[in-house]
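These notes are about the structure you will find just below.
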Amino acid sequence: MKVTFVYPDVLECVPSYKGAYYVGIAYLSAVLRQAGHTTSLIHIYQPDYNGQWFRRDLDEHQPDLIAFSSVKNGGPMVQRLASFLEESKITTPTIYGGIHPTLAKEECVQYEGIDMICVGEGEEVILDVVKALEHGESCDEIPNLWIKKKDGRVIQNPLRQLVANLDTLPFPDRDLFDYPNMHNEKRGEVTVLASRGCPYGCTYCANRALMSTYKGTGKFVRFRSPENVAAEINLARQQYPFIHRVHFDDDILFMKKDWGHHFVEVYSKDVGLPFCSNIFPRLVDEEVVEMLAKSGCDELRIGLESGNERIRKDVLKRELDEETIVNAFQRAKKYGIHTMSFNMMGLPYEDAAALLDTIKLNAKAGVDNIQHTIFHPYPGTPLADLVVKEGWVTDRVNTSYYQDSVLNLPTLSRAQLHMFQRYFHTLVGVYAWIYRRPKWLSRPIERALDFTMTRKYTPAVMPLVRPLIHAVRVCLSPLLKVLRSRAWRKRYATEPGAAHY
């Protein structure tokens, strides 16, 4: 059979974005091709992609099954395209899988044009569906499927057991994508997933909802063997000679120390490429960082999320103090590992002062690179339930976590949120500069900046600040050049032992 995957992958805030490699679809394509089926992909990264383009692409691929997949922010486009199928009387069977339909089952199964949704992992499911369709059989009893019948009934099948041994799966099908032009791959990176699942129960994260969904179906957190991971990387290097770095996309790569020690041994011997990976702050101890450095890790990505202790502990349920977070970044730096922080803005109960705490903690930790996104509630998570209960959810539709919020928070205006989003990096740099000054000077400057940035009128005047700073720099640049000149320093340098005035 011919299966065409449809993957909305829009990032409007980056005009050059041409999509990212998605390991979930790559695994599904791999198991289908291994079984002798044909696969193709409609990878949608254009914000204005419409029904006419969709029909053109479907005419080109001629699928026997249309398989949609998306995260939450791709849901509206899936709904729109599936509705187009219904309106156009295109009768090709459809299935919708991925994280969004898994967590928002009741909503997604009702989309017009969607015949069934896959709840949970789909490698075994997609094979069963294709086999049933190929033989003209019903899909009504296939585990993990919710099937919408013509009379409006929805059959809700139970979940099957999770794949216990990830090494039994074929390597993901990278050829399905325009792989050399994907987001990470354009930089010479190969994207790899060495594990599935995360044991932490953060209230904003999809993993918490997934743990509840998968309850009773087997072990949630699973790791592939380091040998299997190394074999996949080396095969990808043979296929794509441009690869010179590995991007591990696991929630937490070095979660288990015994696995980590084995990984270091195998990876160093069989692969030897520099890599980046994610980690939870509390796990960043000396032993783990030493292992990471030894195995070639050149960038460690750490979830800082919020710099405000109340938000971090009471809202996000991340039992981390400021010292633990700062130490995590400092230990990485000690071993020469570049650091990146993950941050969220627009969280429930967050005000300007709390958001400013996040900016300040990045400055204190000396973070090298920063990712700051706007909070979007995932269905099935405690924070999603909270914002619905509080009545903060709007009808705004966003395809990006970088542009706007779907919430109206009573504690933080949209103007303030947009201001902090725009000036996040700049403010981290300013506070980092302040913290390098003597305390007698830094404290009053910090208080003055805190006061200014937390006023409700500040977003209105911030656009005037940059031109003002630029004008001051232009006026002062001749003087700065003189002060920095070697002749000036030589003439007025303080002799050893001389008094300072």
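Ligands are numbered from 1 in the order shown, chains are lettered A, B, ... in the order of the structure tokens, and residues start at 1 in each chain.
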| said: Which residues are near Cys139 in chain A? Cut-off 10 Å, only C-alpha atoms, ignore same chain within fewer than 4 positions. Put them as a list in words. | reply: Met116, Asp128, Val129, Val130, Lys131, Ala132, Leu133, Pro143, Leu145, Trp146 and Ile147 of chain A
Any idea what's packed within 6 Å of Asn144 in chain A, counting only C-alpha atoms, ignoring anything in its chain fewer than 4 positions away? Could you give it as a short mmCIF file (atom, residue, chain, number, x, y, z; two decimals) with N, CA, C and O atoms, in the first residue's frame?
data_model
loop_
_atom_site.label_atom_id
_atom_site.label_comp_id
_atom_site.auth_asym_id
_atom_site.auth_seq_id
_atom_site.Cartn_x
_atom_site.Cartn_y
_atom_site.Cartn_z
N CYS A 118 -4.83 7.58 16.24
CA CYS A 118 -3.95 6.65 16.95
C CYS A 118 -3.58 7.27 18.28
O CYS A 118 -3.04 8.38 18.34
N VAL A 119 -3.87 6.57 19.35
CA VAL A 119 -3.53 7.03 20.70
C VAL A 119 -2.25 6.30 21.12
O VAL A 119 -2.23 5.09 21.25
N ASN A 157 -10.77 1.77 21.42
CA ASN A 157 -10.08 0.52 21.73
C ASN A 157 -9.03 0.73 22.83
O ASN A 157 -8.45 1.81 22.95
N PRO A 158 -8.77 -0.31 23.61
CA PRO A 158 -7.75 -0.20 24.68
C PRO A 158 -6.35 -0.08 24.08
O PRO A 158 -6.13 -0.39 22.90
N LEU A 159 -5.43 0.34 24.93
CA LEU A 159 -4.04 0.47 24.50
C LEU A 159 -3.34 -0.89 24.54
O LEU A 159 -3.61 -1.72 25.41
#
Hey, could you make a per-residue contact list for range 94-155 of chain A against range 2-18 of chain A with 10 Å as the cut-off, showing the nearest pair of atoms and its distance in Å to one decimal, counting only C-alpha atoms, sorted by chain and number, as CSV?
residue,atom,partner,partner_atom,distance
A:Thr94,CA,A:Thr4,CA,9.8
A:Ile95,CA,A:Phe5,CA,9.5
A:Tyr96,CA,A:Val6,CA,9.2
A:Gly98,CA,A:Tyr7,CA,9.9
A:Ile126,CA,A:Val3,CA,9.7
A:Val130,CA,A:Val3,CA,8.4
| Residues of range 15-85 of chain A in helix (DSSP H, G or I) according to DSSP, as a ChimeraX atom specification? | /A:23-34,51-61,72-85
| said: Quick check, in Å to one decimal: how far apart do CA of Asn50 in chain A and CA of Phe84 in chain A lie? | reply: 9.0 Å
| field | Among listed residues A:Phe223, A:Phe375, A:Tyr423, A:Phe263, nearest Glu305 in chain A (using only C-alpha atoms) | value | A:Phe375
| Length of the CA of Ala231 in chain A to CA of Leu32 in chain A vector [Å] |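 Computed distance, CA of Ala231 in chain A to CA of Leu32 in chain A, equals 20.6 Å.
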Could you build a table of the residues in range 241-318 of chain A lying no more than 9 Å from range 200-211 of chain A, giving for each the nearest pair of atoms and their separation in Å rounded to one decimal place, using only C-alpha atoms, ordered by chain and ascending residue number, as CSV?
residue,atom,partner,partner_atom,distance
A:Val315,CA,A:Thr203,CA,7.3
A:Leu316,CA,A:Thr203,CA,5.2
A:Lys317,CA,A:Cys202,CA,5.5
A:Arg318,CA,A:Cys202,CA,6.2
Convert the current residue selection to file output with all heavy atoms, as a PDB file, in the first residue's frame.
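Listing of again_18.pdb after writing:
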ATOM      1  N   VAL A 315       3.856  26.145  40.875  1.00  0.00           N
ATOM      2  CA  VAL A 315       3.101  26.055  39.621  1.00  0.00           C
ATOM      3  C   VAL A 315       3.634  24.949  38.723  1.00  0.00           C
ATOM      4  O   VAL A 315       2.876  24.111  38.235  1.00  0.00           O
ATOM      5  CB  VAL A 315       3.114  27.416  38.873  1.00  0.00           C
ATOM      6  CG1 VAL A 315       2.342  27.310  37.556  1.00  0.00           C
ATOM      7  CG2 VAL A 315       2.522  28.518  39.746  1.00  0.00           C
ATOM      8  N   LEU A 316       4.943  24.924  38.511  1.00  0.00           N
ATOM      9  CA  LEU A 316       5.549  23.936  37.607  1.00  0.00           C
ATOM     10  C   LEU A 316       5.874  22.615  38.294  1.00  0.00           C
ATOM     11  O   LEU A 316       6.142  21.617  37.624  1.00  0.00           O
ATOM     12  CB  LEU A 316       6.832  24.507  36.984  1.00  0.00           C
ATOM     13  CG  LEU A 316       6.694  25.830  36.237  1.00  0.00           C
ATOM     14  CD1 LEU A 316       8.040  26.235  35.626  1.00  0.00           C
ATOM     15  CD2 LEU A 316       5.637  25.741  35.152  1.00  0.00           C
ATOM     16  N   LYS A 317       5.897  22.627  39.631  1.00  0.00           N
ATOM     17  CA  LYS A 317       6.250  21.439  40.419  1.00  0.00           C
ATOM     18  C   LYS A 317       7.659  20.938  40.078  1.00  0.00           C
ATOM     19  O   LYS A 317       7.895  19.747  39.941  1.00  0.00           O
ATOM     20  CB  LYS A 317       5.231  20.314  40.215  1.00  0.00           C
ATOM     21  CG  LYS A 317       3.811  20.682  40.601  1.00  0.00           C
ATOM     22  CD  LYS A 317       3.710  21.125  42.059  1.00  0.00           C
ATOM     23  CE  LYS A 317       2.271  21.500  42.429  1.00  0.00           C
ATOM     24  NZ  LYS A 317       2.173  22.053  43.800  1.00  0.00           N
ATOM     25  N   ARG A 318       8.569  21.874  39.946  1.00  0.00           N
ATOM     26  CA  ARG A 318       9.990  21.557  39.751  1.00  0.00           C
ATOM     27  C   ARG A 318      10.707  21.910  41.043  1.00  0.00           C
ATOM     28  O   ARG A 318      10.975  23.091  41.305  1.00  0.00           O
ATOM     29  CB  ARG A 318      10.567  22.337  38.563  1.00  0.00           C
ATOM     30  CG  ARG A 318      10.051  21.850  37.224  1.00  0.00           C
ATOM     31  CD  ARG A 318      10.464  22.776  36.090  1.00  0.00           C
ATOM     32  NE  ARG A 318      11.884  22.792  35.822  1.00  0.00           N
ATOM     33  CZ  ARG A 318      12.528  21.922  35.047  1.00  0.00           C
ATOM     34  NH1 ARG A 318      11.864  20.929  34.479  1.00  0.00           N
ATOM     35  NH2 ARG A 318      13.816  22.022  34.827  1.00  0.00           N
TER      36      ARG A 318
END
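Separating CA of His244 in chain A from CA of Val221 in chain A is a distance of 28.6 Å.
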Near-Ala26 in chain A list (8 Å; only C-alpha atoms; drop same-chain fewer than 6 positions) as an mmCIF file with all heavy atoms, in the first residue's frame:
data_model
loop_
_atom_site.group_PDB
_atom_site.id
_atom_site.type_symbol
_atom_site.label_atom_id
_atom_site.label_comp_id
_atom_site.auth_asym_id
_atom_site.auth_seq_id
_atom_site.Cartn_x
_atom_site.Cartn_y
_atom_site.Cartn_z
ATOM 1 N N PRO A 172 15.163 4.806 11.934
ATOM 2 C CA PRO A 172 14.229 5.756 11.314
ATOM 3 C C PRO A 172 14.576 6.042 9.858
ATOM 4 O O PRO A 172 15.753 6.028 9.463
ATOM 5 C CB PRO A 172 14.380 7.011 12.181
ATOM 6 C CG PRO A 172 14.923 6.530 13.471
ATOM 7 C CD PRO A 172 15.792 5.355 13.150
ATOM 8 N N ASP A 173 13.539 6.295 9.067
ATOM 9 C CA ASP A 173 13.686 6.525 7.626
ATOM 10 C C ASP A 173 13.952 8.006 7.357
ATOM 11 O O ASP A 173 13.021 8.809 7.224
ATOM 12 C CB ASP A 173 12.408 6.059 6.916
ATOM 13 C CG ASP A 173 12.450 6.320 5.419
ATOM 14 O OD1 ASP A 173 13.559 6.532 4.889
ATOM 15 O OD2 ASP A 173 11.368 6.305 4.796
ATOM 16 N N ARG A 174 15.195 8.387 7.276
ATOM 17 C CA ARG A 174 15.551 9.773 7.005
ATOM 18 C C ARG A 174 15.310 10.161 5.548
ATOM 19 O O ARG A 174 15.096 11.329 5.243
ATOM 20 C CB ARG A 174 17.027 10.017 7.380
ATOM 21 C CG ARG A 174 17.261 9.998 8.874
ATOM 22 C CD ARG A 174 18.724 10.179 9.244
ATOM 23 N NE ARG A 174 18.860 10.452 10.667
ATOM 24 C CZ ARG A 174 18.819 9.535 11.622
ATOM 25 N NH1 ARG A 174 18.677 8.254 11.291
ATOM 26 N NH2 ARG A 174 18.915 9.873 12.884
ATOM 27 N N LEU A 176 12.801 9.795 3.849
ATOM 28 C CA LEU A 176 11.441 10.291 3.666
ATOM 29 C C LEU A 176 11.435 11.817 3.603
ATOM 30 O O LEU A 176 10.586 12.414 2.936
ATOM 31 C CB LEU A 176 10.564 9.824 4.827
ATOM 32 C CG LEU A 176 9.080 10.183 4.790
ATOM 33 C CD1 LEU A 176 8.364 9.408 3.685
ATOM 34 C CD2 LEU A 176 8.411 9.902 6.141
#
| Gln34 in chain A surroundings by only C-alpha atoms, 12 Å radius, close-in-sequence under 6 positions cut, as a ChimeraX atom specification | /A:27-28,123,127,169-173
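You can rank A:Asp249, A:Gly307, A:Gly296, A:Arg282 by their closest distance to Glu265 in chain A using only C-alpha atoms, and at the top of that list sits A:Gly296.
Each of A:Asn234, A:Asn362, A:Gln79, A:Ser70 was checked against Tyr435 in chain A using only C-alpha atoms; the smallest atom-to-atom distance is that of A:Asn362.
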Got a sec: who's within 10 Å of Lys149 in chain A, counting only C-alpha atoms, leaving out chain neighbours fewer than 6 positions off, as a CSV table (one decimal) with all heavy atoms, in the first residue's frame?
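File produced: around-v1.csv:
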chain,number,residue,atom,x,y,z
A,115,ASP,N,-11.0,9.7,10.0
A,115,ASP,CA,-11.7,8.5,10.2
A,115,ASP,C,-11.3,7.8,11.5
A,115,ASP,O,-12.2,7.2,12.1
A,115,ASP,CB,-11.4,7.5,9.0
A,115,ASP,CG,-11.9,8.0,7.7
A,115,ASP,OD1,-13.0,8.6,7.6
A,115,ASP,OD2,-11.2,7.9,6.7
A,116,MET,N,-10.0,7.9,11.9
A,116,MET,CA,-9.6,7.3,13.1
A,116,MET,C,-8.3,8.0,13.6
A,116,MET,O,-7.6,8.7,12.9
A,116,MET,CB,-9.2,5.8,12.9
A,116,MET,CG,-8.4,5.6,11.6
A,116,MET,SD,-8.3,3.8,11.2
A,116,MET,CE,-7.9,3.9,9.4
A,140,ASP,N,-11.9,-1.9,13.4
A,140,ASP,CA,-12.6,-1.6,14.6
A,140,ASP,C,-12.1,-2.2,15.9
A,140,ASP,O,-12.3,-1.7,17.0
A,140,ASP,CB,-14.1,-2.1,14.5
A,140,ASP,CG,-14.9,-1.2,13.5
A,140,ASP,OD1,-14.3,-0.3,13.0
A,140,ASP,OD2,-16.1,-1.5,13.3
A,155,ILE,N,-15.6,4.3,18.4
A,155,ILE,CA,-15.1,3.1,19.1
A,155,ILE,C,-13.8,3.4,19.7
A,155,ILE,O,-12.9,3.9,19.1
A,155,ILE,CB,-14.9,1.9,18.0
A,155,ILE,CG1,-16.3,1.5,17.4
A,155,ILE,CG2,-14.3,0.7,18.7
A,155,ILE,CD1,-16.2,0.5,16.3
